[in-house]
file model15.txt (compact mmCIF, C-alpha atoms and all ligand atoms)
# COMPACT_ATOMS: atom_id res chain seq x y z
CA MET A 1 -78.71 58.70 68.96
CA LEU A 2 -75.16 59.84 69.68
CA GLN A 3 -74.11 59.04 73.21
CA GLU A 4 -70.81 58.99 75.04
CA ILE A 5 -69.79 55.37 75.55
CA ASN A 6 -66.96 54.55 77.92
CA PHE A 7 -64.86 51.62 76.74
CA ASP A 8 -63.05 50.28 79.79
CA GLY A 9 -60.02 48.06 79.43
CA ILE A 10 -60.50 44.75 81.20
CA VAL A 11 -57.50 44.32 83.48
CA GLY A 12 -55.49 41.47 82.00
CA PRO A 13 -54.45 38.29 83.81
CA SER A 14 -50.77 39.34 83.65
CA HIS A 15 -51.32 42.52 85.72
CA ASN A 16 -48.12 43.14 87.66
CA TYR A 17 -46.01 45.92 89.12
CA GLY A 18 -42.91 46.29 86.97
CA GLY A 19 -41.92 49.84 87.93
CA LEU A 20 -41.68 50.51 84.22
CA SER A 21 -42.97 54.05 83.71
CA LEU A 22 -40.39 56.75 84.41
CA GLY A 23 -42.26 59.85 85.53
CA ASN A 24 -45.25 57.88 86.87
CA LEU A 25 -44.75 58.08 90.63
CA ALA A 26 -47.16 55.27 91.57
CA SER A 27 -45.51 52.86 89.13
CA ALA A 28 -42.09 53.60 90.64
CA LYS A 29 -43.34 53.40 94.23
CA ASN A 30 -44.98 50.00 93.79
CA ALA A 31 -42.26 48.37 91.68
CA ASN A 32 -41.97 44.65 92.42
CA HIS A 33 -44.87 44.56 94.86
CA THR A 34 -47.10 41.50 94.62
CA SER A 35 -50.03 42.19 92.31
CA TYR A 36 -53.58 40.81 92.49
CA PRO A 37 -54.77 40.39 88.88
CA ARG A 38 -58.10 38.79 89.80
CA ALA A 39 -59.00 41.48 92.30
CA ALA A 40 -57.80 44.12 89.85
CA ALA A 41 -60.06 42.88 87.07
CA LEU A 42 -63.03 42.54 89.41
CA GLN A 43 -62.52 46.11 90.65
CA GLY A 44 -62.65 47.22 87.03
CA LEU A 45 -65.90 45.33 86.42
CA GLU A 46 -67.45 46.91 89.52
CA LYS A 47 -66.56 50.36 88.24
CA MET A 48 -68.35 49.52 85.00
CA ARG A 49 -71.37 48.25 86.95
CA HIS A 50 -71.40 51.44 88.98
CA ASN A 51 -71.46 53.55 85.83
CA LEU A 52 -74.12 51.41 84.14
CA ARG A 53 -76.30 52.02 87.19
CA LEU A 54 -75.86 55.76 86.68
CA GLY A 55 -77.44 55.23 83.27
CA LEU A 56 -74.23 55.47 81.23
CA PRO A 57 -73.64 53.15 78.25
CA GLN A 58 -70.61 50.94 78.74
CA GLY A 59 -68.22 49.12 76.45
CA ILE A 60 -65.04 47.08 76.90
CA LEU A 61 -61.69 46.52 75.27
CA LEU A 62 -59.74 43.33 75.84
CA PRO A 63 -56.43 42.37 77.40
CA HIS A 64 -53.70 41.57 74.87
CA PRO A 65 -51.84 38.25 74.60
CA ARG A 66 -49.03 38.21 77.16
CA PRO A 67 -46.15 37.66 77.24
CA ASP A 68 -45.76 39.19 73.78
CA LEU A 69 -43.25 36.63 72.52
CA ALA A 70 -43.22 37.82 68.90
CA TRP A 71 -42.23 41.30 70.05
CA LEU A 72 -39.52 39.86 72.31
CA GLU A 73 -38.20 37.86 69.41
CA SER A 74 -38.06 40.98 67.26
CA LEU A 75 -35.71 42.37 69.92
CA GLY A 76 -33.61 39.22 69.90
CA ALA A 77 -34.73 38.70 73.49
CA SER A 78 -36.73 36.16 75.46
CA MET A 79 -38.40 35.75 78.83
CA GLU A 80 -35.00 34.58 80.10
CA SER A 81 -33.42 37.95 79.26
CA ALA A 82 -32.30 40.30 82.02
CA ALA A 83 -34.79 42.61 83.78
CA PRO A 84 -36.72 44.66 82.82
CA ILE A 85 -37.16 42.93 79.45
CA PRO A 86 -39.53 40.16 80.67
CA ALA A 87 -41.67 42.79 82.42
CA TRP A 88 -41.89 44.79 79.18
CA ALA A 89 -43.39 41.74 77.49
CA MET A 90 -45.75 40.87 80.35
CA SER A 91 -47.33 44.21 81.17
CA ALA A 92 -51.12 44.37 81.30
CA SER A 93 -50.85 48.06 80.35
CA PRO A 94 -53.50 47.85 77.58
CA MET A 95 -56.01 48.08 80.47
CA TRP A 96 -55.48 51.89 80.38
CA THR A 97 -57.59 52.49 77.32
CA ALA A 98 -57.40 56.27 77.65
CA ASN A 99 -54.08 55.58 75.92
CA ALA A 100 -55.55 53.28 73.25
CA ALA A 101 -56.55 55.97 70.77
CA THR A 102 -57.62 59.56 70.22
CA VAL A 103 -61.27 59.90 69.26
CA SER A 104 -62.95 62.74 67.35
CA PRO A 105 -66.73 62.43 67.36
CA ALA A 106 -68.60 62.72 64.06
CA PRO A 107 -69.94 66.28 64.62
CA ASP A 108 -66.35 67.59 64.71
CA THR A 109 -65.02 65.98 61.54
CA ARG A 110 -65.09 67.03 57.90
CA ASP A 111 -66.57 63.77 56.60
CA GLY A 112 -69.07 63.39 59.44
CA LYS A 113 -67.56 60.11 60.65
CA CYS A 114 -66.25 59.33 64.12
CA HIS A 115 -62.46 59.10 63.72
CA LEU A 116 -60.18 57.02 65.93
CA SER A 117 -56.36 57.04 65.73
CA VAL A 118 -54.57 54.27 67.57
CA ALA A 119 -51.84 55.68 69.85
CA ASN A 120 -48.25 54.61 69.11
CA LEU A 121 -47.15 54.81 72.78
CA VAL A 122 -43.51 54.84 71.63
CA THR A 123 -42.01 56.48 74.71
CA MET A 124 -42.26 53.50 77.08
CA PRO A 125 -40.93 50.14 75.82
CA HIS A 126 -43.62 48.10 77.61
CA ARG A 127 -46.36 50.16 75.93
CA SER A 128 -44.75 50.51 72.50
CA HIS A 129 -46.01 47.08 71.36
CA GLU A 130 -49.65 47.66 72.32
CA TRP A 131 -50.86 49.36 69.18
CA PRO A 132 -51.06 46.43 66.72
CA ASN A 133 -53.50 44.48 68.89
CA THR A 134 -55.39 47.63 69.89
CA LEU A 135 -55.77 48.48 66.21
CA LYS A 136 -57.24 45.04 65.49
CA GLN A 137 -59.76 45.51 68.30
CA LEU A 138 -60.73 49.00 67.15
CA ARG A 139 -61.15 47.81 63.55
CA LEU A 140 -63.51 45.09 64.79
CA ALA A 141 -65.49 47.08 67.35
CA PHE A 142 -65.85 50.11 65.05
CA ALA A 143 -66.19 48.38 61.69
CA GLY A 144 -69.42 50.21 60.86
CA PRO A 145 -69.63 52.84 58.11
CA GLY A 146 -69.92 55.66 60.65
CA PHE A 147 -66.34 55.17 61.85
CA ALA A 148 -62.85 55.72 60.41
CA VAL A 149 -60.02 53.96 62.22
CA HIS A 150 -56.45 55.15 61.59
CA GLY A 151 -53.07 53.54 62.19
CA PRO A 152 -50.44 55.12 64.44
CA VAL A 153 -48.44 58.30 63.91
CA PRO A 154 -44.88 57.24 63.00
CA ALA A 155 -42.02 57.29 65.52
CA PRO A 156 -40.32 59.25 66.97
CA PHE A 157 -43.37 61.41 67.66
CA GLY A 158 -44.92 60.11 70.86
CA ASP A 159 -48.69 59.80 70.93
CA GLU A 160 -50.49 58.57 74.05
CA GLY A 161 -54.04 59.02 72.84
CA ALA A 162 -57.11 60.38 74.58
CA ALA A 163 -55.27 60.92 77.87
CA ASN A 164 -53.90 64.09 76.27
CA HIS A 165 -57.02 65.14 74.42
CA MET A 166 -60.09 66.97 75.69
CA ARG A 167 -63.31 67.97 74.01
CA LEU A 168 -65.73 70.69 75.01
CA ALA A 169 -69.15 70.90 73.35
CA PRO A 170 -72.67 72.03 74.29
CA SER A 171 -73.69 68.36 74.05
CA HIS A 172 -72.01 65.17 72.87
CA GLY A 173 -73.91 65.29 69.58
CA GLU A 174 -72.97 68.87 68.66
CA ALA A 175 -69.77 70.20 67.14
CA GLY A 176 -67.20 71.02 69.79
CA VAL A 177 -63.72 72.34 70.39
CA GLU A 178 -60.98 69.72 70.51
CA ILE A 179 -57.93 70.37 72.64
CA PHE A 180 -54.67 68.49 72.20
CA VAL A 181 -52.23 68.81 75.10
CA TYR A 182 -48.57 68.14 74.40
CA GLY A 183 -45.40 68.31 76.48
CA ARG A 184 -41.84 69.38 75.91
CA SER A 185 -40.12 67.90 78.96
CA GLY A 186 -40.55 67.70 82.69
CA GLY A 187 -37.16 67.94 84.32
CA ALA A 188 -35.91 64.37 84.57
CA PHE A 189 -39.17 62.99 83.18
CA PRO A 190 -39.96 62.54 79.51
CA ALA A 191 -42.77 64.28 77.65
CA ARG A 192 -44.82 61.41 76.27
CA GLN A 193 -47.09 63.43 73.97
CA HIS A 194 -45.43 65.38 71.16
CA ARG A 195 -46.97 68.34 69.39
CA MET A 196 -46.17 66.86 65.97
CA ALA A 197 -48.23 63.77 66.84
CA CYS A 198 -51.18 65.94 67.94
CA GLU A 199 -51.08 67.84 64.66
CA ALA A 200 -50.95 64.60 62.66
CA VAL A 201 -53.99 63.17 64.46
CA ALA A 202 -55.98 66.39 64.05
CA ALA A 203 -55.18 66.38 60.31
CA HIS A 204 -56.11 62.72 59.84
CA HIS A 205 -59.40 63.32 61.65
CA GLY A 206 -60.32 66.23 59.40
CA LEU A 207 -60.86 68.64 62.28
CA ASP A 208 -61.68 72.28 61.66
CA PRO A 209 -58.42 74.17 62.42
CA GLU A 210 -60.52 77.06 63.73
CA ARG A 211 -61.95 74.81 66.45
CA THR A 212 -58.82 72.86 67.37
CA LEU A 213 -56.34 73.98 70.02
CA PHE A 214 -52.82 72.74 70.69
CA VAL A 215 -51.94 73.51 74.28
CA GLU A 216 -48.66 72.92 76.06
CA GLN A 217 -48.70 71.07 79.35
CA ALA A 218 -46.79 72.81 82.16
CA GLU A 219 -43.28 71.51 82.58
CA GLU A 220 -43.74 71.68 86.34
CA ALA A 221 -46.77 69.36 86.06
CA ILE A 222 -44.77 66.70 84.19
CA ALA A 223 -41.91 67.12 86.66
CA ALA A 224 -44.36 66.61 89.55
CA GLY A 225 -45.61 63.32 88.07
CA ALA A 226 -48.37 64.32 85.64
CA PHE A 227 -47.13 62.07 82.86
CA HIS A 228 -50.42 62.57 81.00
CA ASN A 229 -52.69 65.61 80.89
CA ASP A 230 -55.55 63.57 82.37
CA VAL A 231 -53.67 63.51 85.67
CA VAL A 232 -54.23 67.28 86.02
CA ALA A 233 -57.29 68.10 83.88
CA VAL A 234 -60.53 66.61 82.56
CA ALA A 235 -63.31 67.99 80.38
CA ASP A 236 -66.92 67.10 79.65
CA GLY A 237 -69.72 69.03 78.02
CA LEU A 238 -69.01 72.69 78.63
CA THR A 239 -66.94 72.11 81.75
CA LEU A 240 -63.17 72.14 82.00
CA PHE A 241 -61.95 70.93 85.41
CA ALA A 242 -58.23 71.60 85.77
CA HIS A 243 -55.46 72.31 88.22
CA GLU A 244 -54.04 75.81 88.22
CA GLN A 245 -50.62 74.44 87.26
CA ALA A 246 -51.77 72.09 84.50
CA PHE A 247 -50.90 74.24 81.48
CA ALA A 248 -47.80 76.17 80.43
CA ASP A 249 -49.80 79.30 79.56
CA ARG A 250 -53.21 79.02 81.15
CA ALA A 251 -54.23 82.62 80.52
CA SER A 252 -53.89 82.36 76.76
CA PHE A 253 -55.46 78.88 76.68
CA TYR A 254 -58.51 80.03 78.66
CA ALA A 255 -58.82 83.16 76.52
CA GLN A 256 -58.83 81.12 73.30
CA LEU A 257 -61.36 78.74 74.78
CA GLU A 258 -63.67 81.54 75.88
CA ARG A 259 -63.48 83.10 72.44
CA LEU A 260 -64.42 79.83 70.72
CA LEU A 261 -66.95 78.70 73.29
CA PRO A 262 -68.28 81.64 75.31
CA GLU A 263 -70.49 79.31 77.39
CA VAL A 264 -67.48 77.32 78.67
CA ARG A 265 -67.25 76.85 82.44
CA ILE A 266 -63.69 76.65 83.69
CA VAL A 267 -63.45 75.11 87.14
CA GLU A 268 -59.87 75.71 88.11
CA VAL A 269 -58.51 74.29 91.34
CA PRO A 270 -56.05 76.75 92.92
CA ALA A 271 -52.69 75.38 94.01
CA ALA A 272 -53.33 77.09 97.34
CA ARG A 273 -56.32 74.77 97.91
CA VAL A 274 -54.89 71.55 96.45
CA SER A 275 -51.17 71.35 95.78
CA LEU A 276 -49.93 69.74 92.59
CA ALA A 277 -48.45 66.99 94.78
CA ASP A 278 -51.82 66.30 96.43
CA ALA A 279 -53.62 66.41 93.09
CA ILE A 280 -51.24 63.81 91.69
CA ALA A 281 -51.18 61.59 94.79
CA SER A 282 -55.00 61.60 95.00
CA TYR A 283 -55.69 61.48 91.24
CA LEU A 284 -58.44 64.06 91.79
CA PHE A 285 -58.41 64.96 88.08
CA ASN A 286 -58.14 61.39 86.85
CA ALA A 287 -61.84 61.18 87.45
CA GLN A 288 -64.52 60.49 84.90
CA LEU A 289 -66.39 63.74 84.48
CA VAL A 290 -69.72 62.64 83.04
CA THR A 291 -73.07 64.08 82.10
CA LEU A 292 -75.79 61.93 83.62
CA PRO A 293 -79.12 61.26 81.86
CA SER A 294 -80.61 63.97 84.12
CA GLY A 295 -78.26 66.49 82.45
CA GLU A 296 -76.28 67.05 85.63
CA GLN A 297 -72.55 66.48 85.76
CA ALA A 298 -70.87 64.12 88.19
CA LEU A 299 -67.29 63.23 88.97
CA ILE A 300 -66.40 59.54 89.33
CA ALA A 301 -63.21 59.73 91.31
CA PRO A 302 -60.86 57.16 92.83
CA SER A 303 -61.36 56.38 96.52
CA GLU A 304 -57.82 57.71 97.06
CA ALA A 305 -59.19 61.21 96.39
CA HIS A 306 -61.39 60.85 99.45
CA ALA A 307 -58.42 59.91 101.59
CA VAL A 308 -56.44 63.14 101.02
CA PRO A 309 -57.94 65.75 103.39
CA ALA A 310 -57.32 68.83 101.19
CA VAL A 311 -58.94 67.07 98.23
CA ARG A 312 -61.88 65.73 100.21
CA ASP A 313 -62.59 69.20 101.62
CA TYR A 314 -62.30 70.77 98.19
CA LEU A 315 -64.72 68.26 96.65
CA GLU A 316 -67.26 68.78 99.44
CA GLU A 317 -67.25 72.50 98.75
CA LEU A 318 -67.34 71.97 95.01
CA VAL A 319 -70.57 69.99 95.00
CA ALA A 320 -72.16 72.20 97.65
CA GLY A 321 -71.49 75.28 95.53
CA ASN A 322 -73.20 76.58 92.43
CA GLY A 323 -70.86 75.08 89.86
CA PRO A 324 -71.70 72.59 87.12
CA ILE A 325 -70.36 69.51 88.97
CA ARG A 326 -73.23 68.39 91.19
CA ALA A 327 -72.02 65.08 92.69
CA THR A 328 -68.95 62.96 93.34
CA HIS A 329 -68.84 59.18 93.38
CA PHE A 330 -65.83 57.27 94.65
CA VAL A 331 -64.82 53.97 93.09
CA ASP A 332 -62.25 51.43 94.21
CA VAL A 333 -59.69 50.75 91.48
CA ARG A 334 -56.74 50.42 93.87
CA GLN A 335 -54.90 47.71 91.94
CA SER A 336 -54.80 49.89 88.84
CA MET A 337 -54.10 53.04 90.85
CA ALA A 338 -50.96 51.42 92.26
CA ASN A 339 -49.61 51.49 88.69
CA GLY A 340 -50.74 55.08 88.14
CA GLY A 341 -54.04 54.27 86.41
CA GLY A 342 -57.18 55.90 87.83
CA PRO A 343 -60.83 55.74 86.72
CA ALA A 344 -60.19 58.01 83.72
CA CYS A 345 -57.14 56.03 82.55
CA LEU A 346 -59.24 52.89 82.43
CA ARG A 347 -61.67 54.23 79.87
CA LEU A 348 -61.76 55.43 76.28
CA ARG A 349 -64.66 57.74 75.46
CA VAL A 350 -66.32 57.26 72.10
CA VAL A 351 -69.29 59.38 71.09
CA ALA A 352 -71.41 57.12 68.89
CA ASP A 353 -74.73 55.39 68.57
CA PRO A 354 -74.27 52.24 70.70
CA ALA A 355 -76.25 50.31 68.06
CA GLU A 356 -73.44 50.96 65.57
CA VAL A 357 -70.77 49.32 67.73
CA ASP A 358 -70.07 45.58 67.47
CA PRO A 359 -72.28 44.31 70.34
CA ARG A 360 -69.55 41.99 71.57
CA PHE A 361 -67.73 45.10 72.81
CA MET A 362 -70.77 46.43 74.72
CA VAL A 363 -71.76 45.26 78.21
CA ASP A 364 -74.80 45.21 80.45
CA GLU A 365 -75.00 43.92 84.01
CA ASN A 366 -75.74 40.34 82.94
CA LYS A 367 -72.67 40.25 80.78
CA LEU A 368 -70.60 41.71 83.62
CA ASP A 369 -71.85 38.86 85.84
CA ARG A 370 -70.65 36.31 83.29
CA LEU A 371 -67.30 38.04 82.94
CA ALA A 372 -66.88 38.13 86.71
CA GLN A 373 -67.40 34.36 86.78
CA VAL A 374 -64.77 33.77 84.12
CA ILE A 375 -62.30 36.10 85.82
CA GLY A 376 -63.00 34.59 89.25
CA ALA A 377 -62.32 31.13 87.88
CA THR A 378 -59.30 31.77 85.65
CA TRP A 379 -57.34 34.95 86.51
CA PRO A 380 -54.23 34.43 88.69
CA GLU A 381 -54.84 35.52 92.23
CA THR A 382 -51.36 36.99 92.67
CA ILE A 383 -48.25 37.63 90.61
CA ASP A 384 -44.86 38.04 92.17
CA SER A 385 -42.48 39.97 89.92
CA ALA A 386 -39.71 37.44 90.60
CA HIS A 387 -41.75 34.82 88.73
CA LEU A 388 -42.68 36.63 85.53
CA ALA A 389 -40.78 34.07 83.41
CA ASP A 390 -42.60 31.04 84.86
CA PRO A 391 -44.04 28.96 81.96
CA ALA A 392 -46.90 27.73 84.18
CA LEU A 393 -47.95 31.35 84.72
CA HIS A 394 -47.88 31.97 80.96
CA GLU A 395 -50.13 28.96 80.41
CA GLN A 396 -52.58 30.19 83.02
CA ILE A 397 -52.63 33.67 81.46
CA ALA A 398 -53.26 32.29 77.96
CA ALA A 399 -56.06 30.03 79.22
CA ALA A 400 -57.65 32.89 81.16
CA ARG A 401 -57.66 35.16 78.11
CA ALA A 402 -59.03 32.38 75.91
CA ALA A 403 -61.89 31.84 78.39
CA LEU A 404 -62.67 35.56 78.33
CA LEU A 405 -62.73 35.70 74.52
CA GLU A 406 -65.01 32.68 74.45
CA ALA A 407 -67.40 34.25 76.95
CA LEU A 408 -67.58 37.27 74.64
CA ALA A 409 -68.01 35.16 71.46
CA LEU A 410 -64.73 36.64 70.21
CA GLN A 411 -62.71 33.41 70.18
CA GLY A 412 -62.82 33.10 66.40
CA GLU A 413 -61.37 36.56 65.77
CA ASP A 414 -57.72 37.29 65.05
CA LEU A 415 -57.04 39.14 68.29
O1 LIG B 501 -48.53 54.48 81.00
N1 LIG B 501 -48.69 52.70 84.01
C1 LIG B 501 -49.38 53.45 82.97
C2 LIG B 501 -50.54 54.22 83.55
C3 LIG B 501 -51.35 54.85 82.47
C4 LIG B 501 -52.31 55.86 82.99
N2 LIG B 501 -53.06 56.37 81.94
C5 LIG B 501 -53.56 57.63 81.91
N3 LIG B 501 -53.10 58.59 82.70
N4 LIG B 501 -54.43 57.90 81.04
C6 LIG B 501 -48.41 54.36 82.22
O2 LIG B 501 -47.55 54.96 82.86
C7 LIG B 501 -47.06 51.09 84.83
C8 LIG B 501 -46.65 49.69 84.49
C9 LIG B 501 -45.70 49.11 85.47
O3 LIG B 501 -44.89 49.82 86.06
O4 LIG B 501 -45.77 47.85 85.67
C10 LIG B 501 -47.80 51.78 83.69
O5 LIG B 501 -47.54 51.49 82.54
call {"tool": "encode", "arguments": {"input": "model15.txt", "output": "structure tokens", "more": "lines below"}}
Ligand code: SUG
result
Amino acid sequence: MLQEINFDGIVGPSHNYGGLSLGNLASAKNANHTSYPRAAALQGLEKMRHNLRLGLPQGILLPHPRPDLAWLESLGASMESAAPIPAWAMSASPMWTANAATVSPAPDTRDGKCHLSVANLVTMPHRSHEWPNTLKQLRLAFAGPGFAVHGPVPAPFGDEGAANHMRLAPSHGEAGVEIFVYGRSGGAFPARQHRMACEAVAAHHGLDPERTLFVEQAEEAIAAGAFHNDVVAVADGLTLFAHEQAFADRASFYAQLERLLPEVRIVEVPAARVSLADAIASYLFNAQLVTLPSGEQALIAPSEAHAVPAVRDYLEELVAGNGPIRATHFVDVRQSMANGGGPACLRLRVVADPAEVDPRFMVDENKLDRLAQVIGATWPETIDSAHLADPALHEQIAAARAALLEALALQGEDL
């Protein structure tokens, strides 16, 4: 049976705060702070456990080898090069798997397969070298005949994957409407998702042009720190949950959506209730909007959303009202949040039959227990950005990753 599976990125042992993402306010604010990779990874596992207990199937994607010495060499650089080059090679950014790929479920595609296109992430140097390893993982996890895995869209067209893609459908297993959100610019901040890349992905996936929308993100949203659409909007089932200032032309977007999907429920948060600044600081929209086995929808939001009074009040009213979102759950992913990655950034949604996925990429609570042991024993407790070039740290990171792959029976794979 087709189900939505969330593939969370395991936070890698090199997790650190490099201040690398222009336009991502949390990344800039926490630049050079001490990071806690072990705590970060354990927070991620607890989020997965939380969601398993809600009855949601759960998968994982793996940290990449770091530092990426081959990539550094291709730049004629090394870990001794001037900042920020070593941080580019050390980033644990593959943890944010909402940027791993764009996924079109089988009911939406011409050949009836689930299509995945790895994101090129070309805008940010530290993310631009993620795709080769991500592609290897996707080809392994989704090797079954029901999947088609595509390589990246060529540069210079930036593609940041599912973070800028939404799907609305009566149920996961029925044909839906796919929405690609692109940017032009955001004042001083770059647009990381280009329209050309969206069109390429939609074409490769064989989507029905009649049921595919290309929507421009509001410039003011990018300028306020919404470097991906999933910082200001999220969709699930028939519900679109979005900030009033998320899109450049909301009236025409909503009208097109209502024409294609008359049952759609648009839950728009007015700027007068929650300002764009509060939405971005709290990551209210970077929540996982999920349909529970009961059929009700719930929002799995970061604990930071509870700490901002306007957001907390809004959420209380939202679930008390008559709308489709019936509950909120708060999860602690603070280490990731400090780099601008909330609950929704940490997961890639794939609609598939879990039995068709390589089981080494699926988890249950027992497996999470084993992973927590490995992480507790091998992940660095802290990383200080002044010591990113330390060879002893690199050895520890390599050993930690090797232990993880072994625990997952993936040590023999070319990953
Ligand atoms: O690409 N942060 C990530 C956060 C990604 C969030 N993903 C989604 N919204 N889906 C980014 O900006 C910061 C790394 C650093 O500064 O060390 C970073 O890459």
call {"tool": "residues_around", "arguments": {"input": "model15.txt", "residues": "A:Asn24", "least_positions_apart": "5", "cutoff": "9 Å", "atoms": "only C-alpha atoms", "output": "list in words"}}
result
Gly19, Lys29, Phe189, Gly225, Ala226, Phe227, Asn339 and Gly340 of chain A
call {"tool": "closest_residue", "arguments": {"input": "model15.txt", "among": "A:Val215, A:Ala279, A:Val232, A:Ile5", "to": "ligand LIG 501 (chain B)", "atoms": "only C-alpha atoms and all ligand atoms"}}
result
A:Val232
call {"tool": "closest_residue", "arguments": {"input": "model15.txt", "among": "A:Arg312, A:His194, A:Lys113, A:His228", "to": "ligand LIG 501 (chain B)", "atoms": "all atoms listed in the file"}}
result
A:His228
call {"tool": "atom_distance", "arguments": {"input": "model15.txt", "atom1": "atom CA of A:Glu296", "atom2": "atom CA of A:Val308"}}
result
25.4 Å
call {"tool": "residues_near_ligand", "arguments": {"input": "model15.txt", "ligand": "ligand LIG 501 (chain B)", "cutoff": "7 Å", "atoms": "only C-alpha atoms and all ligand atoms", "output": "VMD selection string"}}
result
chain A and resid 16 to 21 24 27 to 28 31 91 93 96 98 to 99 127 163 227 to 228 230 to 231 339 to 342 344 to 345
call {"tool": "write_last_selection", "arguments": {"input": "model15.txt", "atoms": "C-alpha atoms", "output": "tab-separated table (two decimals), in the coordinates of the input"}}
result
chain	number	residue	atom	x	y	z
A	16	ASN	CA	-48.12	43.14	87.66
A	17	TYR	CA	-46.01	45.92	89.12
A	18	GLY	CA	-42.91	46.29	86.97
A	19	GLY	CA	-41.92	49.84	87.93
A	20	LEU	CA	-41.68	50.51	84.22
A	21	SER	CA	-42.97	54.05	83.71
A	24	ASN	CA	-45.25	57.88	86.87
A	27	SER	CA	-45.51	52.86	89.13
A	28	ALA	CA	-42.09	53.60	90.64
A	31	ALA	CA	-42.26	48.37	91.68
A	91	SER	CA	-47.33	44.21	81.17
A	93	SER	CA	-50.85	48.06	80.35
A	96	TRP	CA	-55.48	51.89	80.38
A	98	ALA	CA	-57.40	56.27	77.65
A	99	ASN	CA	-54.08	55.58	75.92
A	127	ARG	CA	-46.36	50.16	75.93
A	163	ALA	CA	-55.27	60.92	77.87
A	227	PHE	CA	-47.13	62.07	82.86
A	228	HIS	CA	-50.42	62.57	81.00
A	230	ASP	CA	-55.55	63.57	82.37
A	231	VAL	CA	-53.67	63.51	85.67
A	339	ASN	CA	-49.61	51.49	88.69
A	340	GLY	CA	-50.74	55.08	88.14
A	341	GLY	CA	-54.04	54.27	86.41
A	342	GLY	CA	-57.18	55.90	87.83
A	344	ALA	CA	-60.19	58.01	83.72
A	345	CYS	CA	-57.14	56.03	82.55
call {"tool": "residues_around", "arguments": {"input": "model15.txt", "residues": "A:Ala307", "least_positions_apart": "6", "cutoff": "12 Å", "atoms": "all atoms listed in the file", "output": "VMD selection string"}}
result
chain A and resid 278 to 279 281 to 284 301 313 315 330 332
call {"tool": "decode", "arguments": {"input": "model15.txt", "residues": "stretch 195-216 of chain A", "atoms": "C-alpha atoms", "output": "compact mmCIF listing (two decimals), in the first residue's frame"}}
result
# COMPACT_ATOMS: atom_id res chain seq x y z
CA ARG A 195 12.13 28.31 -12.33
CA MET A 196 14.13 26.59 -15.08
CA ALA A 197 15.16 23.87 -12.62
CA CYS A 198 11.54 23.35 -11.54
CA GLU A 199 10.46 22.94 -15.15
CA ALA A 200 13.27 20.46 -15.83
CA VAL A 201 12.31 18.31 -12.83
CA ALA A 202 8.61 18.35 -13.74
CA ALA A 203 9.50 17.26 -17.30
CA HIS A 204 11.82 14.47 -16.15
CA HIS A 205 9.13 13.19 -13.80
CA GLY A 206 6.53 13.04 -16.55
CA LEU A 207 4.02 15.19 -14.68
CA ASP A 208 0.75 16.20 -16.27
CA PRO A 209 1.21 19.90 -17.22
CA GLU A 210 -2.47 20.46 -16.45
CA ARG A 211 -1.88 19.47 -12.83
CA THR A 212 1.47 21.14 -12.24
CA LEU A 213 1.87 24.71 -11.00
CA PHE A 214 4.95 26.92 -11.00
CA VAL A 215 4.52 29.57 -8.35
CA GLU A 216 6.83 32.45 -7.52
